[in-house]
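> Here you go, one structure.
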Amino acid sequence: MSFLFRRQHLAFISRCRPFSSVGRADVDYFRTFLPTHAILTTLPNDSGSVAPAELDVYNRDWMGKYTGRATTVVKPRSTEEVSKIVRWCNEYDIAIVPQGGNTGLVGGSIPVNDELILSLANMNKVRSFDPVSGILITDAGCILQELTDYIAPHNHIMPIDLGAKGSCQIGGNVATNAGGLRLLRYGSLHGSVLGLEVVLADGTVLDQLTALRKDNTGYDIKQLFIGAEGTLGIVTGVSILTPAAPQASNNVVLALPHFDNVLPLYRKVKRSLSEILSAFEFIDRTAYDLAVKHGQGRGLSDEDVAGAQCFVLVETSGGRREHDEEKLNDLLAELLDAENPLILSGVLSQNPAQFSSLWALREGVTEAISKEGKAYKYDISIPLDKFKVVVDATREHLAERNLIGEHAVKHVMGYGHVGDGNLHLNICAAEYTQEIQDALEPFVYELVASYRGSISAEHGIGAAKTHALHYSKDEVSIELMRKLKALFDPRGILNPKKILE
Ligand code: FAD
Ligand code: MLT
Ligand code: ZN
């Protein structure tokens, strides 16, 4: 009894200051329903604590840019356990960071202070799959690749695919509204997610885990959690529509002499391949060379790429292999034979291994950059004809400040999802430094805003871009977002200082 009084008093005081730290009493409470292996804490504890280094993997992001100071990670196994943890934290003013696969690129999954990390990793069961409708209902902690493997024997695929598929979780994908490599064909998660189960900030379970294609019964509340980055609720279950697997998939990597050819090529490819076109991805020369240097996929021959300024990966997914191959071969012949060819060369995959290898050239760019140095990542939506302008302007801007060199900025490059109008502008440096950061911001954001673009096309805002939200959202929108946050999470315990400052 006296303990509860103490905690309630502390909770009252804590509204005047940030949040309560996780204490021994909290861990003791979690131990009443979580097994030993589901709690990692560095706090001295009768039931055992772990060395601080064991928490590094949770406290540090994929890029090595953000570091948290969490003392405790909990890994609930059920929605009920998530609910108990969240209810307790809400009552005692303990802030929570939901964490999926920790592959996010904007620092959203890392505590800004010593928040409790709630990992969804132990919520990893498929709840049901209907091979007729293709509707998959799953725990939020299932890894994307594992879901892909689960439905493959039923000839279905996930509507989303990304380079982090081996680690990212479906709940994390929903929370970030991840885009990825299949968006051109299957649209965004706002369309394919049919229902969600969410633990709200006071521990209440919102059950909207329906399997309905159509449901116009008022406000579509689940949409708010898609892309909310764990600031409005913790996603524990996902109902998602999975498409039938294409009977045939092909891909080709094309080398282009100039960036100016990308858009005419895109128009031509769309017209020629029409319904079988499933991806049109862009890699500039710098990104391509880095991917090859760091062993990501098989490159074209030196002869093929001589003089190439950039590359495009085209994928087709269709119903009849012969028909699709014929269309692709006709397109290639047409591209190469033209009086002013749009491409220098092209490599068409001949078997599944080559198919994966060509994809790896594009998917592997992120990994290659991380092997080369430290990445400043700008994930922007801008008009397609400005892709090169923005990369060049950024490079020039850094050069004017003498920031290009082996010990400063090593490479400035662009790659991304042309079909979605999404450029990944990446600056790869020897180290993260304030000088480079100051040179890049607000420069990049102002450039994006001048084209009425978005400062985050698919990675989210996280901790990295809260200060820049106003470049893409007006004050009316931001105020509404604040009101929604206050409505869903009045005490602000869910992923504080993410999305909104
Ligand atoms: P985390 O990184 O753990 O978390 C991301 C955010 O979601 C955090 O704010 C976290 O608090 C919140 N969150 C996580 N799980 C939940 C939950 N269950 N409930 C509520 N909130 C939650 N992104 C793209 O959009 N497209 C790409 O093509 C792409 N490619 C990538 C390639 C590589 C190599 C890497 C490393 C990353 C890539 N990403 C891409 C970024 C990242 O993989 C995605 O944002 C992914 O959706 C994050 O999933 P995660 O499970 O790792 O989430
Ligand atoms: C990609 O498209 O490769 C991802 O979004 C990751 C990145 O931007 O590096
Ligand atoms: Zn991307």
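Quick note on naming: the chains in the structure tokens go A, B, ... in the order shown, residues restart at 1 in each chain, and ligands are numbered from 1 in order of appearance.
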At a cut-off of 9 Å around ligand 2, and using only C-alpha atoms and all ligand atoms, what residues come up? Please write them as a short mmCIF file (atom, residue, chain, number, x, y, z; two decimals) with all heavy atoms, in the first residue's frame.

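So out-v4.cif came out as:
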```cif
data_model
loop_
_atom_site.label_atom_id
_atom_site.label_comp_id
_atom_site.auth_asym_id
_atom_site.auth_seq_id
_atom_site.Cartn_x
_atom_site.Cartn_y
_atom_site.Cartn_z
N LEU A 105 15.24 4.05 -40.15
CA LEU A 105 16.36 4.90 -40.58
C LEU A 105 16.21 6.34 -40.12
O LEU A 105 16.90 7.23 -40.62
CB LEU A 105 16.48 4.83 -42.12
CG LEU A 105 16.77 3.43 -42.68
CD1 LEU A 105 16.69 3.41 -44.21
CD2 LEU A 105 18.15 2.94 -42.23
N LEU A 162 11.22 -5.03 -48.90
CA LEU A 162 12.28 -4.03 -48.73
C LEU A 162 13.57 -4.71 -48.33
O LEU A 162 13.55 -5.87 -47.87
CB LEU A 162 11.90 -2.93 -47.73
CG LEU A 162 11.36 -3.27 -46.35
CD1 LEU A 162 11.69 -2.17 -45.39
CD2 LEU A 162 9.87 -3.41 -46.43
N GLY A 163 14.67 -3.98 -48.49
CA GLY A 163 15.99 -4.55 -48.23
C GLY A 163 16.15 -5.08 -46.81
O GLY A 163 16.97 -5.96 -46.56
N ALA A 164 15.35 -4.56 -45.87
CA ALA A 164 15.48 -4.97 -44.47
C ALA A 164 14.58 -6.16 -44.13
O ALA A 164 14.37 -6.46 -42.95
CB ALA A 164 15.15 -3.78 -43.57
N ALA A 178 5.85 1.74 -44.25
CA ALA A 178 6.99 1.53 -45.15
C ALA A 178 6.52 1.40 -46.60
O ALA A 178 5.45 0.87 -46.89
CB ALA A 178 7.73 0.26 -44.72
N GLY A 179 7.37 1.91 -47.49
CA GLY A 179 7.03 1.86 -48.92
C GLY A 179 7.68 0.65 -49.57
O GLY A 179 7.07 -0.40 -49.71
N GLY A 180 8.94 0.81 -49.94
CA GLY A 180 9.69 -0.32 -50.46
C GLY A 180 9.54 -0.53 -51.95
O GLY A 180 9.14 0.37 -52.70
N LEU A 181 9.84 -1.77 -52.36
CA LEU A 181 10.09 -2.05 -53.77
C LEU A 181 8.86 -2.50 -54.54
O LEU A 181 8.91 -2.65 -55.75
CB LEU A 181 11.19 -3.13 -53.86
CG LEU A 181 12.46 -2.78 -53.05
CD1 LEU A 181 13.33 -4.02 -52.81
CD2 LEU A 181 13.26 -1.69 -53.77
N GLU A 281 13.14 1.09 -60.73
CA GLU A 281 13.99 1.63 -59.66
C GLU A 281 15.23 2.29 -60.26
O GLU A 281 15.78 1.82 -61.27
CB GLU A 281 14.43 0.49 -58.73
CG GLU A 281 13.28 -0.14 -57.96
CD GLU A 281 12.85 0.71 -56.77
OE1 GLU A 281 13.73 1.26 -56.09
OE2 GLU A 281 11.63 0.83 -56.53
N ARG A 362 20.39 -3.14 -56.45
CA ARG A 362 19.55 -2.02 -56.01
C ARG A 362 19.28 -2.09 -54.51
O ARG A 362 19.49 -1.12 -53.79
CB ARG A 362 18.23 -2.03 -56.83
CG ARG A 362 17.13 -1.17 -56.27
CD ARG A 362 17.49 0.32 -56.22
NE ARG A 362 16.47 1.08 -55.50
CZ ARG A 362 16.47 1.27 -54.19
NH1 ARG A 362 17.44 0.81 -53.43
NH2 ARG A 362 15.50 1.96 -53.62
N GLU A 363 18.84 -3.27 -54.04
CA GLU A 363 18.52 -3.41 -52.62
C GLU A 363 19.74 -3.25 -51.74
O GLU A 363 19.63 -2.86 -50.58
CB GLU A 363 17.95 -4.81 -52.34
CG GLU A 363 16.54 -5.02 -52.73
CD GLU A 363 16.10 -6.43 -52.30
OE1 GLU A 363 15.72 -6.61 -51.15
OE2 GLU A 363 16.16 -7.34 -53.15
N GLY A 364 20.91 -3.58 -52.28
CA GLY A 364 22.13 -3.60 -51.47
C GLY A 364 22.79 -2.24 -51.31
O GLY A 364 23.80 -2.12 -50.61
N VAL A 365 22.24 -1.21 -51.95
CA VAL A 365 22.89 0.10 -51.87
C VAL A 365 22.97 0.58 -50.41
O VAL A 365 24.02 1.06 -49.95
CB VAL A 365 22.16 1.15 -52.75
CG1 VAL A 365 22.73 2.53 -52.53
CG2 VAL A 365 22.26 0.78 -54.23
N THR A 366 21.90 0.40 -49.66
CA THR A 366 21.86 0.87 -48.27
C THR A 366 22.98 0.22 -47.46
O THR A 366 23.71 0.89 -46.71
CB THR A 366 20.49 0.50 -47.64
OG1 THR A 366 19.47 0.84 -48.57
CG2 THR A 366 20.26 1.21 -46.34
N GLU A 367 23.09 -1.08 -47.62
CA GLU A 367 24.12 -1.84 -46.91
C GLU A 367 25.52 -1.38 -47.35
O GLU A 367 26.42 -1.19 -46.53
CB GLU A 367 23.94 -3.32 -47.27
CG GLU A 367 24.84 -4.25 -46.54
CD GLU A 367 24.16 -4.89 -45.33
OE1 GLU A 367 22.95 -5.14 -45.41
OE2 GLU A 367 24.87 -5.13 -44.34
N ILE A 369 26.44 1.50 -48.50
CA ILE A 369 26.77 2.82 -47.94
C ILE A 369 27.21 2.67 -46.49
O ILE A 369 28.16 3.32 -46.03
CB ILE A 369 25.56 3.78 -48.04
CG1 ILE A 369 25.20 4.02 -49.51
CG2 ILE A 369 25.86 5.11 -47.35
CD1 ILE A 369 23.87 4.74 -49.71
N ALA A 375 26.07 7.47 -43.03
CA ALA A 375 25.11 8.01 -44.00
C ALA A 375 24.24 9.10 -43.41
O ALA A 375 23.67 8.93 -42.32
CB ALA A 375 24.23 6.88 -44.51
N LYS A 377 20.89 10.53 -44.40
CA LYS A 377 19.88 10.03 -45.33
C LYS A 377 18.71 11.00 -45.47
O LYS A 377 18.11 11.38 -44.46
CB LYS A 377 19.36 8.66 -44.84
CG LYS A 377 20.44 7.59 -44.86
CD LYS A 377 19.93 6.26 -44.40
CE LYS A 377 19.57 5.31 -45.51
NZ LYS A 377 20.62 5.01 -46.46
N TYR A 378 18.42 11.37 -46.69
CA TYR A 378 17.25 12.22 -46.98
C TYR A 378 16.36 11.45 -47.94
O TYR A 378 16.78 11.08 -49.04
CB TYR A 378 17.69 13.57 -47.54
CG TYR A 378 18.49 14.32 -46.51
CD1 TYR A 378 19.88 14.26 -46.49
CD2 TYR A 378 17.84 15.00 -45.48
CE1 TYR A 378 20.61 14.88 -45.50
CE2 TYR A 378 18.56 15.63 -44.47
CZ TYR A 378 19.95 15.56 -44.49
OH TYR A 378 20.65 16.17 -43.49
N ASP A 379 15.17 11.19 -47.45
CA ASP A 379 14.22 10.31 -48.16
C ASP A 379 13.08 11.20 -48.62
O ASP A 379 12.18 11.50 -47.84
CB ASP A 379 13.77 9.25 -47.13
CG ASP A 379 12.45 8.61 -47.48
OD1 ASP A 379 12.25 8.30 -48.66
OD2 ASP A 379 11.62 8.42 -46.57
N TYR A 415 19.40 7.45 -55.28
CA TYR A 415 18.79 6.21 -55.78
C TYR A 415 17.36 6.22 -55.28
O TYR A 415 16.99 7.07 -54.48
CB TYR A 415 19.56 4.96 -55.29
CG TYR A 415 19.72 4.87 -53.79
CD1 TYR A 415 18.85 4.11 -53.02
CD2 TYR A 415 20.75 5.55 -53.16
CE1 TYR A 415 19.01 4.04 -51.63
CE2 TYR A 415 20.90 5.48 -51.77
CZ TYR A 415 20.04 4.73 -51.02
OH TYR A 415 20.18 4.67 -49.66
N GLY A 416 16.57 5.30 -55.77
CA GLY A 416 15.22 5.29 -55.21
C GLY A 416 14.17 4.77 -56.16
O GLY A 416 14.45 4.11 -57.16
N HIS A 417 12.95 5.12 -55.79
CA HIS A 417 11.78 4.53 -56.41
C HIS A 417 11.18 5.55 -57.39
O HIS A 417 10.31 6.33 -57.02
CB HIS A 417 10.76 4.16 -55.33
CG HIS A 417 11.39 3.53 -54.11
ND1 HIS A 417 11.84 2.23 -54.09
CD2 HIS A 417 11.66 4.03 -52.87
CE1 HIS A 417 12.34 1.95 -52.89
NE2 HIS A 417 12.25 3.03 -52.13
N ASN A 422 10.05 9.01 -55.47
CA ASN A 422 10.77 9.00 -54.18
C ASN A 422 12.27 8.84 -54.41
O ASN A 422 12.74 7.79 -54.85
CB ASN A 422 10.20 7.86 -53.34
CG ASN A 422 10.88 7.62 -52.01
OD1 ASN A 422 10.60 6.62 -51.36
ND2 ASN A 422 11.74 8.50 -51.56
N LEU A 423 13.00 9.91 -54.10
CA LEU A 423 14.47 9.88 -54.23
C LEU A 423 15.10 9.68 -52.86
O LEU A 423 14.73 10.34 -51.89
CB LEU A 423 14.97 11.21 -54.81
CG LEU A 423 16.48 11.39 -54.84
CD1 LEU A 423 17.13 10.50 -55.91
CD2 LEU A 423 16.88 12.85 -55.08
N HIS A 424 16.11 8.78 -52.78
CA HIS A 424 16.93 8.68 -51.58
C HIS A 424 18.22 9.44 -51.85
O HIS A 424 19.10 8.94 -52.58
CB HIS A 424 17.21 7.22 -51.23
CG HIS A 424 15.97 6.47 -50.86
ND1 HIS A 424 15.12 6.89 -49.87
CD2 HIS A 424 15.42 5.33 -51.35
CE1 HIS A 424 14.11 6.05 -49.75
NE2 HIS A 424 14.26 5.10 -50.65
N LEU A 425 18.30 10.63 -51.29
CA LEU A 425 19.52 11.43 -51.39
C LEU A 425 20.39 11.03 -50.21
O LEU A 425 19.99 11.21 -49.05
CB LEU A 425 19.15 12.91 -51.32
CG LEU A 425 20.29 13.89 -51.06
CD1 LEU A 425 21.25 13.94 -52.25
CD2 LEU A 425 19.74 15.30 -50.80
N ASN A 426 21.55 10.45 -50.50
CA ASN A 426 22.42 10.00 -49.41
C ASN A 426 23.78 10.67 -49.49
O ASN A 426 24.37 10.77 -50.56
CB ASN A 426 22.63 8.48 -49.49
CG ASN A 426 21.52 7.69 -48.83
OD1 ASN A 426 21.76 6.86 -47.96
ND2 ASN A 426 20.29 7.96 -49.23
N GLU A 458 9.03 7.86 -47.20
CA GLU A 458 8.65 6.53 -46.71
C GLU A 458 9.31 6.13 -45.39
O GLU A 458 8.88 5.18 -44.77
CB GLU A 458 8.94 5.46 -47.78
CG GLU A 458 10.39 5.38 -48.20
CD GLU A 458 10.69 4.20 -49.12
OE1 GLU A 458 9.78 3.53 -49.58
OE2 GLU A 458 11.90 3.97 -49.37
N HIS A 459 10.34 6.81 -44.95
CA HIS A 459 11.03 6.35 -43.73
C HIS A 459 10.42 6.91 -42.45
O HIS A 459 10.68 6.40 -41.37
CB HIS A 459 12.52 6.72 -43.77
CG HIS A 459 13.26 6.03 -44.87
ND1 HIS A 459 14.48 6.44 -45.32
CD2 HIS A 459 12.94 4.94 -45.62
CE1 HIS A 459 14.89 5.65 -46.29
NE2 HIS A 459 13.97 4.73 -46.50
#
```
> Env of Leu290 in chain A: 8 Å cut, atoms = only C-alpha atoms, seq-sep filter 3 positions within chain, self excluded. Answer as a PDB file with N, CA and C atoms, in the first residue's frame.

```pdb
ATOM      1  N   THR A 286      27.201   6.732 -58.744  1.00  0.00           N
ATOM      2  CA  THR A 286      27.937   6.608 -57.478  1.00  0.00           C
ATOM      3  C   THR A 286      27.370   5.463 -56.651  1.00  0.00           C
ATOM      4  N   ALA A 287      26.038   5.404 -56.578  1.00  0.00           N
ATOM      5  CA  ALA A 287      25.402   4.354 -55.782  1.00  0.00           C
ATOM      6  C   ALA A 287      25.694   2.978 -56.384  1.00  0.00           C
ATOM      7  N   LYS A 293      31.275  -2.278 -55.403  1.00  0.00           N
ATOM      8  CA  LYS A 293      32.492  -2.304 -54.572  1.00  0.00           C
ATOM      9  C   LYS A 293      32.291  -3.165 -53.322  1.00  0.00           C
ATOM     10  N   HIS A 294      31.090  -3.068 -52.731  1.00  0.00           N
ATOM     11  CA  HIS A 294      30.861  -3.794 -51.481  1.00  0.00           C
ATOM     12  C   HIS A 294      30.135  -5.126 -51.684  1.00  0.00           C
ATOM     13  N   VAL A 365      22.235  -1.208 -51.950  1.00  0.00           N
ATOM     14  CA  VAL A 365      22.895   0.104 -51.872  1.00  0.00           C
ATOM     15  C   VAL A 365      22.969   0.578 -50.415  1.00  0.00           C
ATOM     16  N   ALA A 368      25.682  -1.177 -48.666  1.00  0.00           N
ATOM     17  CA  ALA A 368      26.984  -0.756 -49.196  1.00  0.00           C
ATOM     18  C   ALA A 368      27.398   0.586 -48.595  1.00  0.00           C
ATOM     19  N   ILE A 369      26.444   1.505 -48.504  1.00  0.00           N
ATOM     20  CA  ILE A 369      26.772   2.824 -47.941  1.00  0.00           C
ATOM     21  C   ILE A 369      27.209   2.669 -46.485  1.00  0.00           C
ATOM     22  N   GLU A 372      30.677   1.667 -46.304  1.00  0.00           N
ATOM     23  CA  GLU A 372      31.620   2.685 -46.780  1.00  0.00           C
ATOM     24  C   GLU A 372      31.840   3.793 -45.752  1.00  0.00           C
TER      25      GLU A 372
END
```
> Show which residues sit within 10 Å of Phe443 in chain A, as a list in words. Count only C-alpha atoms, and ignore same-chain residues fewer than 6 positions away.
Ala393, Thr394, His397 and Gln437 of chain A
> As a VMD selection string, which residues of range 111-245 of chain A does DSSP assign to alpha helix (DSSP H)?
chain A and resid 144 to 151 170 to 176 183 to 186 189 to 192 222 to 225
> If you keep N, CA and C atoms, can you produce a file of those selected residues as a compact mmCIF listing (two decimals), in the first residue's frame?

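Resulting contents of result.txt:
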```txt
# COMPACT_ATOMS: atom_id res chain seq x y z
N LEU A 144 9.13 -9.84 -41.71
CA LEU A 144 8.56 -9.77 -43.06
C LEU A 144 8.95 -10.99 -43.91
N GLN A 145 10.24 -11.34 -43.89
CA GLN A 145 10.69 -12.47 -44.72
C GLN A 145 10.00 -13.77 -44.29
N GLU A 146 9.79 -13.92 -42.98
CA GLU A 146 9.16 -15.15 -42.50
C GLU A 146 7.70 -15.23 -42.95
N LEU A 147 7.05 -14.08 -43.03
CA LEU A 147 5.67 -14.06 -43.53
C LEU A 147 5.67 -14.42 -45.02
N THR A 148 6.63 -13.86 -45.73
CA THR A 148 6.76 -14.19 -47.16
C THR A 148 6.91 -15.70 -47.34
N ASP A 149 7.79 -16.29 -46.53
CA ASP A 149 8.02 -17.75 -46.64
C ASP A 149 6.77 -18.53 -46.24
N TYR A 150 6.04 -18.01 -45.27
CA TYR A 150 4.85 -18.72 -44.76
C TYR A 150 3.77 -18.83 -45.84
N ILE A 151 3.58 -17.74 -46.60
CA ILE A 151 2.48 -17.76 -47.57
C ILE A 151 2.91 -18.25 -48.97
N ILE A 170 6.40 -6.90 -39.38
CA ILE A 170 5.22 -6.35 -40.04
C ILE A 170 4.64 -5.19 -39.20
N GLY A 171 4.73 -5.28 -37.89
CA GLY A 171 4.24 -4.18 -37.04
C GLY A 171 5.05 -2.91 -37.27
N GLY A 172 6.37 -3.09 -37.43
CA GLY A 172 7.24 -1.95 -37.73
C GLY A 172 6.93 -1.37 -39.10
N ASN A 173 6.65 -2.26 -40.05
CA ASN A 173 6.28 -1.79 -41.40
C ASN A 173 5.01 -0.95 -41.35
N VAL A 174 4.05 -1.43 -40.58
CA VAL A 174 2.79 -0.68 -40.46
C VAL A 174 3.05 0.64 -39.74
N ALA A 175 3.82 0.58 -38.65
CA ALA A 175 4.06 1.78 -37.85
C ALA A 175 4.79 2.85 -38.64
N THR A 176 5.61 2.43 -39.62
CA THR A 176 6.33 3.42 -40.43
C THR A 176 5.64 3.68 -41.78
N LEU A 183 5.71 -1.00 -54.06
CA LEU A 183 4.62 -0.03 -53.93
C LEU A 183 4.02 0.34 -55.29
N LEU A 184 4.88 0.40 -56.30
CA LEU A 184 4.41 0.75 -57.64
C LEU A 184 3.29 -0.19 -58.07
N ARG A 185 3.43 -1.48 -57.74
CA ARG A 185 2.47 -2.47 -58.18
C ARG A 185 1.29 -2.63 -57.19
N TYR A 186 1.62 -2.71 -55.90
CA TYR A 186 0.57 -3.09 -54.94
C TYR A 186 0.07 -1.95 -54.05
N LEU A 189 0.57 0.65 -47.72
CA LEU A 189 -0.06 -0.14 -46.65
C LEU A 189 -1.41 0.45 -46.24
N HIS A 190 -1.63 1.73 -46.54
CA HIS A 190 -2.94 2.31 -46.25
C HIS A 190 -4.03 1.57 -47.04
N GLY A 191 -3.64 0.94 -48.14
CA GLY A 191 -4.61 0.18 -48.93
C GLY A 191 -4.64 -1.29 -48.55
N SER A 192 -3.47 -1.89 -48.33
CA SER A 192 -3.47 -3.34 -48.13
C SER A 192 -3.71 -3.78 -46.69
N LYS A 222 -8.13 2.90 -37.88
CA LYS A 222 -6.86 2.16 -38.02
C LYS A 222 -5.84 2.91 -38.88
N GLN A 223 -6.36 3.72 -39.82
CA GLN A 223 -5.42 4.44 -40.71
C GLN A 223 -4.48 5.35 -39.92
N LEU A 224 -4.96 5.84 -38.77
CA LEU A 224 -4.13 6.76 -37.98
C LEU A 224 -2.88 6.09 -37.43
N PHE A 225 -2.96 4.77 -37.20
CA PHE A 225 -1.80 4.08 -36.63
C PHE A 225 -0.79 3.70 -37.71
```
> Which of these residues is nearest to ligand 1, using only C-alpha atoms and all ligand atoms: A:Ser78, A:Asn402, A:Gln169, A:Thr72?
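The shortest atom-to-atom distance to ligand 1 comes from A:Gln169.
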> Could you give me, as a list in words, the residues within 10 Å of Asn45 in chain A, counting only C-alpha atoms and dropping anything in the same chain fewer than 2 positions from it?
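That gives Gly23, Arg24, Ala25, Val27, Asp28, Thr41, Thr42, Leu43, Ser47, Gly48, Ser49 and Val50 of chain A.
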> Please produce a file of those selected residues containing N, CA, C and O atoms, as a PDB file, in the first residue's frame.

```pdb
ATOM      1  N   GLY A  23      12.179   1.614 -12.563  1.00  0.00           N
ATOM      2  CA  GLY A  23      12.841   1.272 -11.295  1.00  0.00           C
ATOM      3  C   GLY A  23      12.668  -0.199 -10.982  1.00  0.00           C
ATOM      4  O   GLY A  23      11.990  -0.951 -11.704  1.00  0.00           O
ATOM      5  N   ARG A  24      13.266  -0.578  -9.905  1.00  0.00           N
ATOM      6  CA  ARG A  24      13.228  -1.981  -9.506  1.00  0.00           C
ATOM      7  C   ARG A  24      11.786  -2.455  -9.263  1.00  0.00           C
ATOM      8  O   ARG A  24      11.423  -3.585  -9.608  1.00  0.00           O
ATOM      9  N   ALA A  25      10.970  -1.561  -8.686  1.00  0.00           N
ATOM     10  CA  ALA A  25       9.577  -1.950  -8.407  1.00  0.00           C
ATOM     11  C   ALA A  25       8.826  -2.259  -9.713  1.00  0.00           C
ATOM     12  O   ALA A  25       7.988  -3.162  -9.758  1.00  0.00           O
ATOM     13  N   VAL A  27      10.205  -3.380 -12.532  1.00  0.00           N
ATOM     14  CA  VAL A  27      10.692  -4.668 -13.042  1.00  0.00           C
ATOM     15  C   VAL A  27      10.066  -5.806 -12.233  1.00  0.00           C
ATOM     16  O   VAL A  27       9.651  -6.830 -12.791  1.00  0.00           O
ATOM     17  N   ASP A  28       9.961  -5.609 -10.916  1.00  0.00           N
ATOM     18  CA  ASP A  28       9.334  -6.651 -10.077  1.00  0.00           C
ATOM     19  C   ASP A  28       7.894  -6.895 -10.535  1.00  0.00           C
ATOM     20  O   ASP A  28       7.430  -8.036 -10.591  1.00  0.00           O
ATOM     21  N   THR A  41      17.279  -6.350 -18.038  1.00  0.00           N
ATOM     22  CA  THR A  41      17.453  -5.102 -17.302  1.00  0.00           C
ATOM     23  C   THR A  41      18.867  -5.002 -16.761  1.00  0.00           C
ATOM     24  O   THR A  41      19.471  -6.016 -16.381  1.00  0.00           O
ATOM     25  N   THR A  42      19.368  -3.791 -16.734  1.00  0.00           N
ATOM     26  CA  THR A  42      20.692  -3.572 -16.138  1.00  0.00           C
ATOM     27  C   THR A  42      20.527  -3.125 -14.688  1.00  0.00           C
ATOM     28  O   THR A  42      21.512  -2.914 -13.989  1.00  0.00           O
ATOM     29  N   LEU A  43      19.265  -2.976 -14.245  1.00  0.00           N
ATOM     30  CA  LEU A  43      19.042  -2.563 -12.858  1.00  0.00           C
ATOM     31  C   LEU A  43      19.372  -3.735 -11.943  1.00  0.00           C
ATOM     32  O   LEU A  43      19.043  -4.875 -12.263  1.00  0.00           O
ATOM     33  N   SER A  47      16.277 -11.192  -9.284  1.00  0.00           N
ATOM     34  CA  SER A  47      16.149 -12.274 -10.268  1.00  0.00           C
ATOM     35  C   SER A  47      17.203 -12.182 -11.355  1.00  0.00           C
ATOM     36  O   SER A  47      17.107 -12.849 -12.381  1.00  0.00           O
ATOM     37  N   GLY A  48      18.169 -11.310 -11.168  1.00  0.00           N
ATOM     38  CA  GLY A  48      19.284 -11.246 -12.115  1.00  0.00           C
ATOM     39  C   GLY A  48      19.194 -10.082 -13.075  1.00  0.00           C
ATOM     40  O   GLY A  48      18.116  -9.761 -13.563  1.00  0.00           O
ATOM     41  N   SER A  49      20.344  -9.452 -13.311  1.00  0.00           N
ATOM     42  CA  SER A  49      20.373  -8.369 -14.291  1.00  0.00           C
ATOM     43  C   SER A  49      21.465  -8.667 -15.305  1.00  0.00           C
ATOM     44  O   SER A  49      22.307  -9.526 -15.098  1.00  0.00           O
ATOM     45  N   VAL A  50      21.422  -7.928 -16.433  1.00  0.00           N
ATOM     46  CA  VAL A  50      22.386  -8.200 -17.507  1.00  0.00           C
ATOM     47  C   VAL A  50      23.404  -7.067 -17.577  1.00  0.00           C
ATOM     48  O   VAL A  50      23.172  -5.966 -17.066  1.00  0.00           O
TER      49      VAL A  50
END
```
